[in-house]
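Trainee: Structure incoming, see below.
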Amino acid sequence: MQPKRLKGKEENRMPRKKVSIIGAGQVGATAAYYIAEKIIADIVMVDVIEGLTRAKALDFLHAGPMRRYDVSIEGTSDYSCIEGSDVVVITAGVPRKPGMDRMDLLKVNAGIVKTASKNIGIYAPNSTVIVVSNPLDVMCHVAFRTTGFAVRRVVGMAGILDSTRFRFFVAEELGYAPTDVHAMVLGGHGDQMVPLPRFTTVAGIPVPQLMEPQTIERLVDRTRNGGAEIVAHLKTGSAYFAPAASVAEMVEAIVTDRKTLAPCAAFLRGEYGIENLFIGVPVLLGKNGIERIVELELDDSEMKLLHKSADAVRKGVQELDSFFRLN
Amino acid sequence: MIKVSIIGSGNVGANSAFFIAENRSASVTLVDIREGLPKGKALDLSEAGPIRGYDTSILGAGSIEEIHGSDIVVIAAGRVRNAAETRNDLYRDNAVLMNEICEDIKRLAPDSVIINIVEPVDRITLLVQKLLAFDRKKVLGIGGLLSSTRIRYLVSKALSVSAREVTGIVVGPHMPCMVILRDTVRVSGIPAEKLLPKDSFEAIIHEVRRAGDTILHLAEKSTSFYAPSAAVAALVEAVARDTGAILPVSFRLQGEYGLHDIAVSVPASIGAGGVNHILEIQMNASEKEEFQNAVAELRASMEDAAEAVEGEGGKPHA
């Protein structure tokens, strides 16, 4: 028998937070798992493959009694279930397959992200959107334009992933605890990233004091190719634990208003001399999405690298524009 | 499981047991000369376990014999400073107590790592190391770590950012003349000095130097104990789980930072055997001078206290 809720003013109830994840593939489902473990929000996973999504949600729920999370987790193909979400994460998209060129990938994923964004605009108009689909910086533009959300409420997951990889490599190299290492990276995701060793520290000590320049360069290269290194091992898949952990970190910062300073893709309007482009910069994440963009004083070579990275992203956006004009 | 014994079940001792239990990093034995106190606190902590989700053993003992075989011994006995007295009065009283405690530790837990929180912490840490004649890397004092967590908090508050990503290292004596290494005070790698107005950063530094007094004034008769207990638990965690975490600890220096036979806080990587190694941080000229002056101030205070009790213990161990 269902117990009756005691009478009282409903408006006095503290609402539970809600996070929706579009795309229940490896990154989406693993992000759901990390978020569930944080016990900060109820979770909805939306995927076109309804059975798989439902199955994953049930499987997570079955683990709850042992893992001690008690949030609700729902798997569905119905976008209306995302209604009232505080955060929506877009992980949907296809990986690049053999024979596909960059433009093909961009077209397919732009279509998927556009559909997701339309539905977010309809069902979760007050949410903050975290974009994960690749090519990341370009997909941020798709989500931004389609939802019509304020710039602070569309943010891309990229730098935080590059940064956690770099943090791990530095810790491994020096034999220190990974949690003691902090790192800042700018720019586009992956091979376009702009690492900032002087803003990378072990317990606050800048790494140039602790490592030879050649060692730093080697770790930077490994970070740039961090995704590719994993693909090379897996052959038919790509990384999803670190990307999902990065998503969960961002979700937590927004849902719990943690004010985390982390590198994320944000829409720049003149910061760093870059106009109207999503690119990785240090941002403060809180309940209002991007609450602040931190402008670091970069030296000439860092600035040059950032602008080179921005040019590459801009090229992708132009490709996107030509595609949208055709449609 | 790693066994931690905590000598002294006052506020710091009991709250250290609490944070260690929450970390689930070790079993805890609380000891105090007042027999009922550790037993009562241990039982209270154990009874909170089912709700808090820890199930490590927490025992209260009336006899020091119960520290037998400990991997880590936390010294949280002695009294705290009252507002009216000098640090030398405090040193003399607590030093007497250390003689007795160190005899017991030597006999019952000869292989343990020591974490000292007894004030004045640098001098007592040096004394304890001499009395025990343990390898110096196994005798650690809480000093810089406590000031570091304070500056990390104050910076996070001033900037309205999460404290989790804020770093900061404080070195030198655990006295108002402590040295705050400004360049290490960062948020996700970005120097706090670049994010904060200059006067607000200076105000934070000023506040960190007198943080203990601030709490003493606010809480009236109580001294700070949550942050010191958190510092103890962080060190226990690093030793128990052999993490290599970098934490500024007070420790007897033998040549590092150009110092000999004095304990002050320096950043160290902490693991199963205590200090794995010291990190020698680059200081700028003014920080170097500040550090030297601070050490000189500590030395001067040591010389005018008759630290005769030191002679009664074991020989210094390099």
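Residue numbering restarts at 1 in every chain; chains get A, B, ... in the order shown in the structure tokens, and ligands count up from 1 in that same order.
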When you get a sec, could you note down which chain B residues fall within 10 Å of chain A, using only C-alpha atoms, as a ChimeraX atom specification?

Mentor: /B:53,156,159-169,181-191,194-195,238,242-248,267,269-271,279-282

Trainee: Please report, as a ChimeraX atom specification, each residue of segment 23-182 of chain B to which DSSP assigns helix (DSSP H, G or I) when run on this structure's backbone.

Mentor: /B:23,36-52,64-67,87-108,121-132,136-138,144-159,163-165

Trainee: With a distance cut-off of 10 Å and only C-alpha atoms, select the neighbouring residues of Ile122 of chain A, excluding the residue or stretch itself and same-chain residues fewer than 2 positions from it, and output the selection as a list of chain:residue names.

Mentor: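 Residues near the query, excluding close chain neighbours: A:Tyr79, A:Ser80, A:Ile82, A:Glu83, A:Ser117, A:Lys118, A:Asn119, A:Ile120, A:Ala124, A:Pro125, A:Asn126, A:Thr147.
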
Trainee: If you count only C-alpha atoms, which residues fall within 10 Å of Ile21 of chain A, apart from same-chain ones fewer than 3 positions away, as a list in words?

Mentor: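 Skipping anything fewer than 3 positions along the chain leaves Ala24, Val27, Gly28, Ala29, Ala31, Ala32, Ile43, Val44, Met45, Val46, Asp47, Gly75, Ile82, Ser85, Val87, Val88, Val89, Ile90, Thr91, Ala92, Val129 and Ile130 of chain A.
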
Trainee: Name the residues in contact with Ala17 of chain B at a cut-off of 8 Å, using only C-alpha atoms, excluding same-chain residues fewer than 4 positions from it; report them as an MDAnalysis selection string.

Mentor: chainID B and resid 6 13 21 28 30 58 233
